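Asker: Got a structure for you, model.cif, holding mmCIF, C-alpha atoms and all ligand atoms.
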data_start
loop_
_atom_site.label_atom_id
_atom_site.label_comp_id
_atom_site.auth_asym_id
_atom_site.auth_seq_id
_atom_site.Cartn_x
_atom_site.Cartn_y
_atom_site.Cartn_z
CA MET B 1 0.00 0.00 0.00
CA HIS B 2 1.70 3.19 -1.18
CA ASP B 3 -1.16 5.66 -0.85
CA PHE B 4 -3.04 5.39 2.44
CA LEU B 5 -5.41 8.27 1.63
CA ALA B 6 -6.40 6.81 -1.77
CA HIS B 7 -7.10 3.44 -0.13
CA THR B 8 -9.15 5.05 2.60
CA LEU B 9 -11.22 7.10 0.14
CA HIS B 10 -11.74 4.00 -1.98
CA GLY B 11 -13.37 2.33 1.00
CA GLU B 12 -11.90 -1.16 0.57
CA PRO B 13 -9.24 -2.80 2.76
CA PRO B 14 -5.85 -2.87 1.01
CA ALA B 15 -4.77 -6.18 -0.59
CA ILE B 16 -1.66 -6.22 1.65
CA THR B 17 -2.38 -5.20 5.23
CA GLN B 18 1.15 -5.21 6.64
CA ALA B 19 4.76 -5.09 5.51
CA ARG B 20 8.21 -5.28 7.05
CA LEU B 21 10.69 -2.85 5.45
CA PRO B 22 14.36 -2.45 6.45
CA ALA B 23 13.72 0.42 8.91
CA LEU B 24 10.09 -0.10 9.93
CA HIS B 25 7.01 -2.26 9.98
CA TRP B 26 3.57 -0.94 9.04
CA GLN B 27 0.19 -2.47 9.72
CA TRP B 28 -3.25 -1.45 8.44
CA ILE B 29 -5.46 -1.71 11.52
CA ASP B 30 -8.87 -0.74 10.16
CA GLU B 31 -10.40 1.76 7.73
CA GLY B 32 -8.36 4.98 8.06
CA ILE B 33 -6.15 3.56 10.85
CA LEU B 34 -2.50 2.66 10.24
CA GLU B 35 0.27 1.81 12.70
CA ILE B 36 3.96 2.36 11.87
CA THR B 37 6.62 0.83 14.12
CA PRO B 38 10.35 1.52 13.81
CA GLU B 39 12.80 -1.39 13.92
CA GLN B 40 14.81 0.51 16.54
CA PRO B 41 13.20 0.89 20.00
CA ALA B 42 11.09 4.06 20.19
CA THR B 43 10.90 6.54 23.04
CA MET B 44 7.74 8.26 21.76
CA ALA B 45 4.22 7.03 20.90
CA LEU B 46 2.77 9.62 18.50
CA VAL B 47 -0.83 9.73 17.32
CA ILE B 48 -1.41 12.00 14.32
CA SER B 49 -5.03 12.32 13.26
CA ALA B 50 -6.68 14.36 10.50
CA GLY B 51 -10.05 14.28 8.77
CA ILE B 52 -12.04 14.01 12.01
CA HIS B 53 -14.14 16.53 10.09
CA GLY B 54 -14.55 15.39 6.49
CA ASN B 55 -14.40 18.85 4.86
CA GLU B 56 -11.06 19.77 6.48
CA THR B 57 -8.77 18.40 3.80
CA ALA B 58 -5.48 20.37 3.92
CA PRO B 59 -4.12 18.46 6.95
CA VAL B 60 -5.22 15.17 5.38
CA GLU B 61 -3.13 15.99 2.29
CA ILE B 62 -0.15 16.98 4.49
CA LEU B 63 -0.37 13.84 6.59
CA ASN B 64 -0.58 11.60 3.53
CA ARG B 65 2.41 13.38 2.00
CA LEU B 66 4.40 12.72 5.19
CA ILE B 67 3.61 9.03 5.56
CA THR B 68 3.94 8.04 1.89
CA PRO B 69 7.81 7.98 2.00
CA LEU B 70 7.56 5.77 5.10
CA LEU B 71 5.30 3.26 3.34
CA GLN B 72 7.64 3.29 0.35
CA GLY B 73 10.68 2.63 2.54
CA ASP B 74 12.30 5.96 1.56
CA LYS B 75 12.55 7.43 5.09
CA PRO B 76 13.20 6.07 8.57
CA VAL B 77 10.72 6.65 11.38
CA LEU B 78 11.70 7.55 14.95
CA PRO B 79 8.53 7.22 17.07
CA ARG B 80 5.85 4.54 17.05
CA VAL B 81 3.10 6.24 15.07
CA LEU B 82 -0.65 5.74 14.86
CA VAL B 83 -2.01 7.53 11.79
CA ILE B 84 -5.75 8.19 11.78
CA LEU B 85 -8.04 9.54 9.08
CA GLY B 86 -10.91 10.22 11.42
CA ASN B 87 -14.16 10.16 9.45
CA PRO B 88 -13.66 8.41 6.07
CA ALA B 89 -17.37 8.53 5.15
CA ALA B 90 -17.45 12.31 5.68
CA LEU B 91 -14.13 12.72 3.79
CA ARG B 92 -15.66 10.93 0.81
CA SER B 93 -18.59 13.37 0.76
CA ASN B 94 -16.60 16.52 1.75
CA GLN B 95 -18.91 17.12 4.73
CA ARG B 96 -17.99 18.06 8.30
CA TYR B 97 -19.98 14.97 9.39
CA THR B 98 -22.73 12.79 7.98
CA ARG B 99 -25.01 12.75 11.05
CA ILE B 100 -23.24 13.77 14.26
CA ASP B 101 -20.00 15.69 14.85
CA VAL B 102 -17.50 12.95 15.84
CA ASN B 103 -15.44 15.49 17.76
CA ARG B 104 -18.19 15.81 20.37
CA LEU B 105 -18.54 12.08 21.00
CA PHE B 106 -15.30 11.02 22.68
CA GLY B 107 -14.94 9.94 26.30
CA GLY B 108 -17.90 7.55 25.87
CA ARG B 109 -20.33 10.30 24.79
CA TRP B 110 -21.04 8.18 21.68
CA GLN B 111 -23.13 5.93 23.97
CA GLN B 112 -25.81 8.65 24.20
CA TYR B 113 -26.67 8.19 20.51
CA ASP B 114 -28.51 5.47 18.62
CA ASP B 115 -26.36 3.28 16.50
CA CYS B 116 -24.95 5.47 13.71
CA ALA B 117 -21.72 5.64 11.70
CA GLU B 118 -20.18 8.46 13.74
CA ALA B 119 -20.99 6.94 17.14
CA ARG B 120 -19.42 3.66 15.98
CA ARG B 121 -16.39 5.52 14.62
CA ALA B 122 -15.75 7.41 17.87
CA TRP B 123 -15.87 4.09 19.76
CA ARG B 124 -13.50 2.47 17.23
CA LEU B 125 -11.03 5.35 17.49
CA GLU B 126 -11.09 5.20 21.29
CA GLN B 127 -10.26 1.48 21.11
CA ALA B 128 -7.48 2.05 18.56
CA ILE B 129 -5.80 4.73 20.68
CA GLU B 130 -6.11 2.66 23.84
CA HIS B 131 -4.53 -0.38 22.19
CA PHE B 132 -1.76 1.74 20.65
CA TYR B 133 -0.73 3.54 23.84
CA HIS B 134 -0.97 0.39 25.97
CA SER B 135 1.09 -1.74 23.56
CA GLY B 136 4.27 0.34 24.07
CA CYS B 137 6.75 0.34 26.90
CA CYS B 138 5.66 2.22 30.01
CA ASP B 139 8.08 5.16 29.83
CA GLU B 140 7.21 6.20 26.25
CA VAL B 141 6.38 9.88 25.81
CA ARG B 142 2.81 10.15 24.47
CA TRP B 143 1.78 12.92 22.07
CA HIS B 144 -1.43 13.35 20.07
CA LEU B 145 -1.67 15.95 17.30
CA ASP B 146 -5.18 16.25 15.83
CA LEU B 147 -5.05 18.27 12.61
CA HIS B 148 -8.04 20.39 11.60
CA THR B 149 -8.94 23.49 9.60
CA ALA B 150 -11.40 26.18 10.71
CA ILE B 151 -14.71 26.99 8.99
CA ARG B 152 -14.00 30.77 9.07
CA GLY B 153 -11.06 32.93 8.22
CA SER B 154 -8.95 34.01 11.19
CA TYR B 155 -6.72 36.80 12.49
CA HIS B 156 -4.42 33.90 13.39
CA PRO B 157 -4.64 31.50 10.38
CA ARG B 158 -2.70 28.77 12.24
CA PHE B 159 -3.37 28.11 15.91
CA GLY B 160 -3.59 25.34 18.48
CA VAL B 161 -6.36 24.43 20.93
CA LEU B 162 -5.26 22.58 24.06
CA PRO B 163 -7.63 20.43 26.10
CA TYR B 164 -8.30 21.17 29.74
CA SER B 165 -5.76 19.40 31.95
CA ALA B 166 -4.73 19.84 35.57
CA ARG B 167 -1.22 18.59 34.69
CA PRO B 168 1.46 21.07 33.58
CA TRP B 169 2.34 20.96 29.89
CA PRO B 170 5.84 19.73 28.92
CA ALA B 171 8.03 22.60 27.74
CA ASP B 172 9.24 20.66 24.67
CA PHE B 173 5.62 20.13 23.57
CA LEU B 174 4.81 23.85 23.80
CA GLN B 175 8.05 24.66 22.03
CA TRP B 176 7.18 22.23 19.22
CA LEU B 177 3.79 23.95 18.77
CA GLY B 178 5.60 27.28 18.31
CA ALA B 179 8.05 25.75 15.85
CA ALA B 180 5.07 24.36 13.88
CA GLY B 181 4.19 27.97 13.03
CA LEU B 182 1.18 28.32 15.33
CA GLU B 183 0.49 31.99 15.98
CA ALA B 184 -1.79 31.41 18.94
CA LEU B 185 -2.47 28.77 21.60
CA VAL B 186 -5.94 28.53 23.15
CA TRP B 187 -6.48 26.74 26.47
CA HIS B 188 -9.84 25.15 27.24
CA ASN B 189 -11.11 25.72 30.79
CA ALA B 190 -13.31 22.59 31.06
CA PRO B 191 -13.33 18.97 29.84
CA GLY B 192 -15.12 18.19 26.56
CA GLY B 193 -15.92 15.47 24.04
CA THR B 194 -13.05 16.15 21.62
CA PHE B 195 -10.47 13.62 20.49
CA THR B 196 -7.65 15.59 22.16
CA HIS B 197 -9.52 15.80 25.48
CA PHE B 198 -9.93 12.02 25.33
CA SER B 199 -6.25 11.21 24.69
CA CYS B 200 -5.06 13.79 27.23
CA GLU B 201 -7.45 12.75 30.00
CA HIS B 202 -7.36 8.97 29.58
CA PHE B 203 -3.75 8.37 28.50
CA ALA B 204 -1.95 11.44 29.88
CA ALA B 205 -0.91 12.35 26.33
CA SER B 206 0.31 15.83 25.45
CA SER B 207 -2.49 16.63 23.01
CA CYS B 208 -3.38 19.56 20.80
CA THR B 209 -5.92 20.33 18.10
CA LEU B 210 -3.99 22.15 15.36
CA GLU B 211 -6.10 24.49 13.23
CA LEU B 212 -4.41 24.97 9.86
CA GLY B 213 -6.15 27.56 7.69
CA LYS B 214 -9.67 27.47 6.32
CA ALA B 215 -11.62 24.41 5.10
CA GLN B 216 -11.37 23.79 1.32
CA PRO B 217 -12.13 20.71 -0.81
CA PHE B 218 -9.38 18.25 -1.78
CA GLY B 219 -7.07 19.74 -4.44
CA SER B 220 -7.91 23.37 -3.59
CA ASN B 221 -5.48 23.80 -0.68
CA ASP B 222 -2.37 25.97 -0.70
CA LEU B 223 -0.20 23.75 1.50
CA SER B 224 2.71 26.22 1.39
CA GLN B 225 0.94 28.15 4.20
CA PHE B 226 1.61 25.19 6.47
CA ALA B 227 5.27 24.61 5.62
CA ALA B 228 6.41 25.10 9.23
CA ALA B 229 3.83 22.61 10.52
CA GLU B 230 4.85 20.07 7.87
CA GLN B 231 8.54 20.58 8.67
CA ALA B 232 7.88 20.25 12.41
CA LEU B 233 6.02 16.98 11.76
CA SER B 234 8.96 15.80 9.61
CA ALA B 235 11.24 16.54 12.55
CA LEU B 236 9.15 14.33 14.82
CA LEU B 237 8.71 11.53 12.31
CA TYR B 238 12.07 11.32 10.52
CA GLY B 239 14.39 13.17 12.94
CA GLU B 240 14.89 16.15 10.62
CA ALA B 241 15.70 19.60 12.03
CA LEU B 242 12.90 21.38 13.89
CA PRO B 243 12.22 24.78 12.27
CA ALA B 244 13.14 27.86 14.27
CA VAL B 245 10.24 29.58 16.02
CA ALA B 246 9.48 32.53 13.72
CA GLN B 247 7.19 34.23 16.23
CA GLN B 248 6.19 33.14 19.75
CA PRO B 249 2.47 32.23 19.84
CA ARG B 250 0.03 34.49 21.69
CA HIS B 251 -1.86 32.74 24.49
CA TYR B 252 -5.61 32.74 25.12
CA GLN B 253 -7.84 31.11 27.71
CA VAL B 254 -11.50 30.21 27.16
CA ALA B 255 -13.59 32.66 29.23
CA GLN B 256 -17.07 31.45 28.30
CA GLN B 257 -18.82 29.05 25.95
CA ILE B 258 -21.91 29.97 23.95
CA THR B 259 -24.23 26.95 23.74
CA ARG B 260 -27.19 26.57 21.41
CA GLN B 261 -30.09 24.87 23.19
CA GLY B 262 -32.71 24.87 20.42
CA ALA B 263 -34.68 26.63 17.70
CA GLN B 264 -34.89 30.03 19.47
CA PHE B 265 -31.12 30.48 19.52
CA GLN B 266 -29.87 33.70 17.88
CA LEU B 267 -26.20 34.46 17.32
CA HIS B 268 -25.45 38.19 17.01
CA ILE B 269 -22.10 37.71 15.28
CA ASP B 270 -21.89 38.34 11.54
CA ALA B 271 -21.19 35.48 9.16
CA ASP B 272 -18.02 37.21 7.94
CA THR B 273 -16.54 37.85 11.43
CA LEU B 274 -13.07 36.34 11.66
CA ASN B 275 -11.88 34.03 14.43
CA PHE B 276 -10.13 36.05 17.18
CA ALA B 277 -12.19 39.19 16.37
CA ARG B 278 -12.33 41.48 19.41
CA PHE B 279 -15.56 42.38 21.28
CA SER B 280 -15.87 44.96 24.08
CA GLN B 281 -17.41 44.49 27.51
CA GLY B 282 -21.21 44.49 27.46
CA ALA B 283 -21.57 43.47 23.78
CA LEU B 284 -24.50 41.09 23.25
CA LEU B 285 -23.17 37.97 21.52
CA ALA B 286 -26.14 35.62 21.48
CA GLU B 287 -29.50 35.05 23.10
CA GLU B 288 -32.04 32.30 23.52
CA GLY B 289 -35.23 33.04 25.43
CA GLU B 290 -34.16 34.57 28.75
CA ARG B 291 -30.53 33.52 28.33
CA ARG B 292 -28.21 36.29 27.09
CA TYR B 293 -24.51 35.87 26.33
CA VAL B 294 -22.66 39.15 26.97
CA VAL B 295 -18.93 39.99 26.93
CA GLN B 296 -17.84 39.89 30.60
CA HIS B 297 -14.22 41.11 30.46
CA ALA B 298 -12.89 44.43 29.15
CA GLU B 299 -12.35 42.62 25.85
CA GLU B 300 -12.96 39.09 24.63
CA PHE B 301 -12.06 37.38 21.34
CA VAL B 302 -14.47 35.10 19.51
CA LEU B 303 -13.57 31.61 18.30
CA PHE B 304 -15.59 29.14 16.17
CA PRO B 305 -18.88 31.12 16.12
CA ASN B 306 -21.41 28.85 14.45
CA PRO B 307 -25.22 29.08 14.91
CA ASN B 308 -25.79 25.91 12.85
CA VAL B 309 -24.84 23.36 15.47
CA ALA B 310 -27.07 20.68 17.00
CA ALA B 311 -29.03 21.47 20.18
CA GLY B 312 -26.82 21.30 23.24
CA GLN B 313 -23.62 21.92 21.27
CA ARG B 314 -21.06 24.69 21.36
CA ALA B 315 -21.98 27.64 19.12
CA GLY B 316 -18.85 29.62 19.92
CA LEU B 317 -16.12 30.29 22.47
CA MET B 318 -15.10 33.62 23.97
CA LEU B 319 -11.44 34.03 24.89
CA VAL B 320 -9.29 36.32 26.97
CA GLU B 321 -5.64 36.90 26.15
CA THR B 322 -3.24 35.79 28.90
CA PRO B 323 0.51 36.10 29.48
CA PRO B 324 2.44 33.28 27.74
CA ARG B 325 2.47 30.02 29.70
CA SER B 326 5.74 28.10 29.81
CA GLU B 327 5.49 24.96 31.85
CA THR B 328 7.44 21.82 32.33
CA GLN B 329 6.89 18.47 34.02
O1 LIG B 401 -14.19 26.49 12.60
C1 LIG B 401 -14.96 25.89 13.36
O2 LIG B 401 -16.04 26.38 13.74
C2 LIG B 401 -14.61 24.50 13.88
C3 LIG B 401 -13.18 24.03 13.57
C4 LIG B 401 -12.97 22.75 14.36
O3 LIG B 401 -13.34 21.71 13.91
N1 LIG B 401 -12.46 22.90 15.57
C5 LIG B 401 -12.40 21.82 16.51
C6 LIG B 401 -11.77 22.29 17.79
C7 LIG B 401 -11.62 21.17 18.79
C8 LIG B 401 -11.13 21.64 20.15
O4 LIG B 401 -11.88 22.38 20.80
O5 LIG B 401 -10.04 21.21 20.55
C9 LIG B 401 -13.83 21.33 16.76
O6 LIG B 401 -14.73 22.16 16.77
O7 LIG B 401 -14.01 20.14 16.94
ZN ZN B 402 -12.35 20.31 12.65
#
Let's see the structure in the file written out as structure tokens.
Ligand SMILES: O=C(O)CCC(=O)N[C@@H](CCC(=O)O)C(=O)O
Ligand SMILES: [Zn+2]
Answerer:
Amino acid sequence: MHDFLAHTLHGEPPAITQARLPALHWQWIDEGILEITPEQPATMALVISAGIHGNETAPVEILNRLITPLLQGDKPVLPRVLVILGNPAALRSNQRYTRIDVNRLFGGRWQQYDDCAEARRAWRLEQAIEHFYHSGCCDEVRWHLDLHTAIRGSYHPRFGVLPYSARPWPADFLQWLGAAGLEALVWHNAPGGTFTHFSCEHFAASSCTLELGKAQPFGSNDLSQFAAAEQALSALLYGEALPAVAQQPRHYQVAQQITRQGAQFQLHIDADTLNFARFSQGALLAEEGERRYVVQHAEEFVLFPNPNVAAGQRAGLMLVETPPRSETQ
């Protein structure tokens, strides 16, 4: 199998499901799930996922470009790697999801839904990650990089979103995120149903959702915008040089979440408002019946505003800028 993405989009298992090459062994685990193991002992277990949302194709193209030389035996690999194309059915139809947003279902939340493709997929991905992390030696460093693109344009076109965690973040992980060209890092203030929350909470992985540009269909992406991220991933995978940090990321903390409860929900944020747009204290952001969402701090910055989400789901986040965090374990 030389082209993992083409096989996944085709929807059939590959004819050969594993191979031993001089420097590594690869194994096709299931649709969109591939494990790559170096011949030399590894000190890191790295999960790289993309396509959790089927219309976010740039990171899928980057990831496929990075693993193809491994499958062809043209590059060595340093860590044990689990490669995941998250929602193959949605990738085939260029939709964010077919019925339910997979990135709200992790941590067992899939059990709240009737049997459907996305609930089954979230369960399968949880199992795959659990097996992968538990099959290594106990002192492996665990990272999970979940690659996405945003629906809207952004004042920071490349940024990271870190799950809530009471543990301090390793300094080398934060440094890697800066070297990957991320202009901003956003910290959640509460647990959630995302893939990165799941890997961080259940397996103590250093996890981050990377947002790389704006969602475009396959073939329409300008991947040159993400050269630093691709080079930083090459550094992790093949041991190439980590790019220098061009600009230290700005840091933001979630201050409040806007949640849509039902049909009465109204979002007072224009469709063309960019991510990280600034709002002043007192500004009315959204309302639903008696519930009003108002800017609480002197200024807050909006992220992922979206009125078209299912009832009970996040319709936007409001952020405050904080001094840079530099932590170590
Ligand atoms: O642009 C948008 O509205 C959504 C982009 C996206 O898919 N973002 C992720 C963020 C996950 C996180 O909070 O870590 C998502 O909404 O699932
Ligand atoms: Zn996404």
Asker: Using all atoms listed in the file, which protein or nucleic acid residues are at most 7 Å from ligand LIG 401 (chain B), as an MDAnalysis selection string?
Answerer: chainID B and resid 53 103:104 148:152 161:163 194 196 208:209 211 304:306
Asker: When you count all atoms listed in the file, which of these residues is closest to Ala171 (chain B): B:Gln313, B:Leu147, B:Ser206, B:Gln111?
Answerer: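 The shortest atom-to-atom distance to Ala171 (chain B) comes from B:Ser206.
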Asker: Distance CA of Glu201 (chain B)-CA of Gln95 (chain B), one decimal place?
Answerer: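 Separation between CA of Glu201 (chain B) and CA of Gln95 (chain B): 28.1 Å.
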Asker: Given the choices B:Leu212, B:Cys116, B:Ala286, B:Ile29, which gets closest to ligand ZN 402 (chain B) if the distance is worked out from only C-alpha atoms and all ligand atoms?
Answerer: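 Selected residue with least distance to ligand ZN 402 (chain B): B:Leu212.
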Asker: At a cut-off of 9 Å around the point (-21.0, 26.9, 18.4) (file coordinates), what residues fall inside when counting only C-alpha atoms? I'd like the answer as a CSV table (one decimal) with C-alpha atoms, in the frame of the given file.
Answerer:
chain,number,residue,atom,x,y,z
B,257,GLN,CA,-18.8,29.0,26.0
B,258,ILE,CA,-21.9,30.0,24.0
B,259,THR,CA,-24.2,27.0,23.7
B,260,ARG,CA,-27.2,26.6,21.4
B,303,LEU,CA,-13.6,31.6,18.3
B,304,PHE,CA,-15.6,29.1,16.2
B,305,PRO,CA,-18.9,31.1,16.1
B,306,ASN,CA,-21.4,28.8,14.4
B,307,PRO,CA,-25.2,29.1,14.9
B,308,ASN,CA,-25.8,25.9,12.8
B,309,VAL,CA,-24.8,23.4,15.5
B,310,ALA,CA,-27.1,20.7,17.0
B,313,GLN,CA,-23.6,21.9,21.3
B,314,ARG,CA,-21.1,24.7,21.4
B,315,ALA,CA,-22.0,27.6,19.1
B,316,GLY,CA,-18.8,29.6,19.9
B,317,LEU,CA,-16.1,30.3,22.5
Asker: Would you mind listing what lies within 9 Å of Ala90 (chain B) as a list in words, with all atoms listed in the file counted and same-chain residues fewer than 2 positions away left out?
Answerer: Gly51, Ile52, His53, Gly54, Asn55, Gly86, Asn87, Pro88, Arg92, Ser93, Asn94, Gln95, Arg96, Tyr97 and Thr98 of chain B
Asker: Pick the closest to His202 (chain B) from B:Thr8, B:Gln112, B:Gln18, B:Ser165: which is it, counting all atoms listed in the file?
Answerer: B:Ser165
Asker: Could you name the residues that touch Glu35 (chain B) at 12 Å or less, counting only C-alpha atoms, but leaving out those on the same chain fewer than 5 positions away, as a VMD selection string?
Answerer: chain B and resid 4 17 to 19 24 to 30 45 to 49 67 70 to 71 77 79 to 85 128 to 129 131 to 133 135
Asker: Here is a test: counting all atoms listed in the file, which residue of B:Gly239, B:Pro41, B:Pro22, B:Gly160 is nearest to ligand ZN 402 (chain B)?
Answerer: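 Of B:Gly239, B:Pro41, B:Pro22, B:Gly160, the one nearest ligand ZN 402 (chain B), counting all atoms listed in the file, is B:Gly160.
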Asker: In Å, how far is it from CA of Tyr113 (chain B) to CA of Cys200 (chain B)?
Answerer: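 We find that CA of Tyr113 (chain B) and CA of Cys200 (chain B) lie 23.3 Å from each other.
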Asker: Suppose you want the space between CA of Gly181 (chain B) and CA of Phe159 (chain B); what is it in Å?
Answerer: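 Pair CA of Gly181 (chain B) / CA of Phe159 (chain B) returns 8.1 Å.
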Asker: Determine the nearest neighbour of Arg167 (chain B) from the options B:Leu91, B:Ala205, B:Arg99, B:Ser220, counting only C-alpha atoms.
Answerer: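 With only C-alpha atoms as the atom set, the closest residue is B:Ala205.
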Asker: Between B:Ala228, B:Met318, B:Ala271, B:Leu174, which residue has the minimum interatomic distance to Ala283 (chain B), considering all atoms listed in the file?
Answerer: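 With all atoms listed in the file as the atom set, the closest residue is B:Met318.
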Asker: Can you tell me which residues surround region 294-298 of chain B at a distance of at most 12 Å, considering all atoms listed in the file, apart from same-chain residues fewer than 2 positions away, and format the answer as an MDAnalysis selection string?
Answerer: chainID B and resid 254:258 267:269 278:287 291:292 300:302 317:321
Asker: Show me, as a PDB file with C-alpha atoms, in the frame of the given file, the residues that have an atom within 8 Å of His251 (chain B) when counting all atoms listed in the file, minus same-chain residues fewer than 2 positions from it.
Answerer:
ATOM      1  CA  ALA B 184      -1.790  31.410  18.940  1.00  0.00           C
ATOM      2  CA  LEU B 185      -2.470  28.770  21.600  1.00  0.00           C
ATOM      3  CA  VAL B 186      -5.940  28.530  23.150  1.00  0.00           C
ATOM      4  CA  TRP B 187      -6.480  26.740  26.470  1.00  0.00           C
ATOM      5  CA  PRO B 249       2.470  32.230  19.840  1.00  0.00           C
ATOM      6  CA  GLN B 253      -7.840  31.110  27.710  1.00  0.00           C
ATOM      7  CA  GLU B 321      -5.640  36.900  26.150  1.00  0.00           C
ATOM      8  CA  THR B 322      -3.240  35.790  28.900  1.00  0.00           C
ATOM      9  CA  PRO B 323       0.510  36.100  29.480  1.00  0.00           C
ATOM     10  CA  PRO B 324       2.440  33.280  27.740  1.00  0.00           C
ATOM     11  CA  ARG B 325       2.470  30.020  29.700  1.00  0.00           C
TER      12      ARG B 325
END
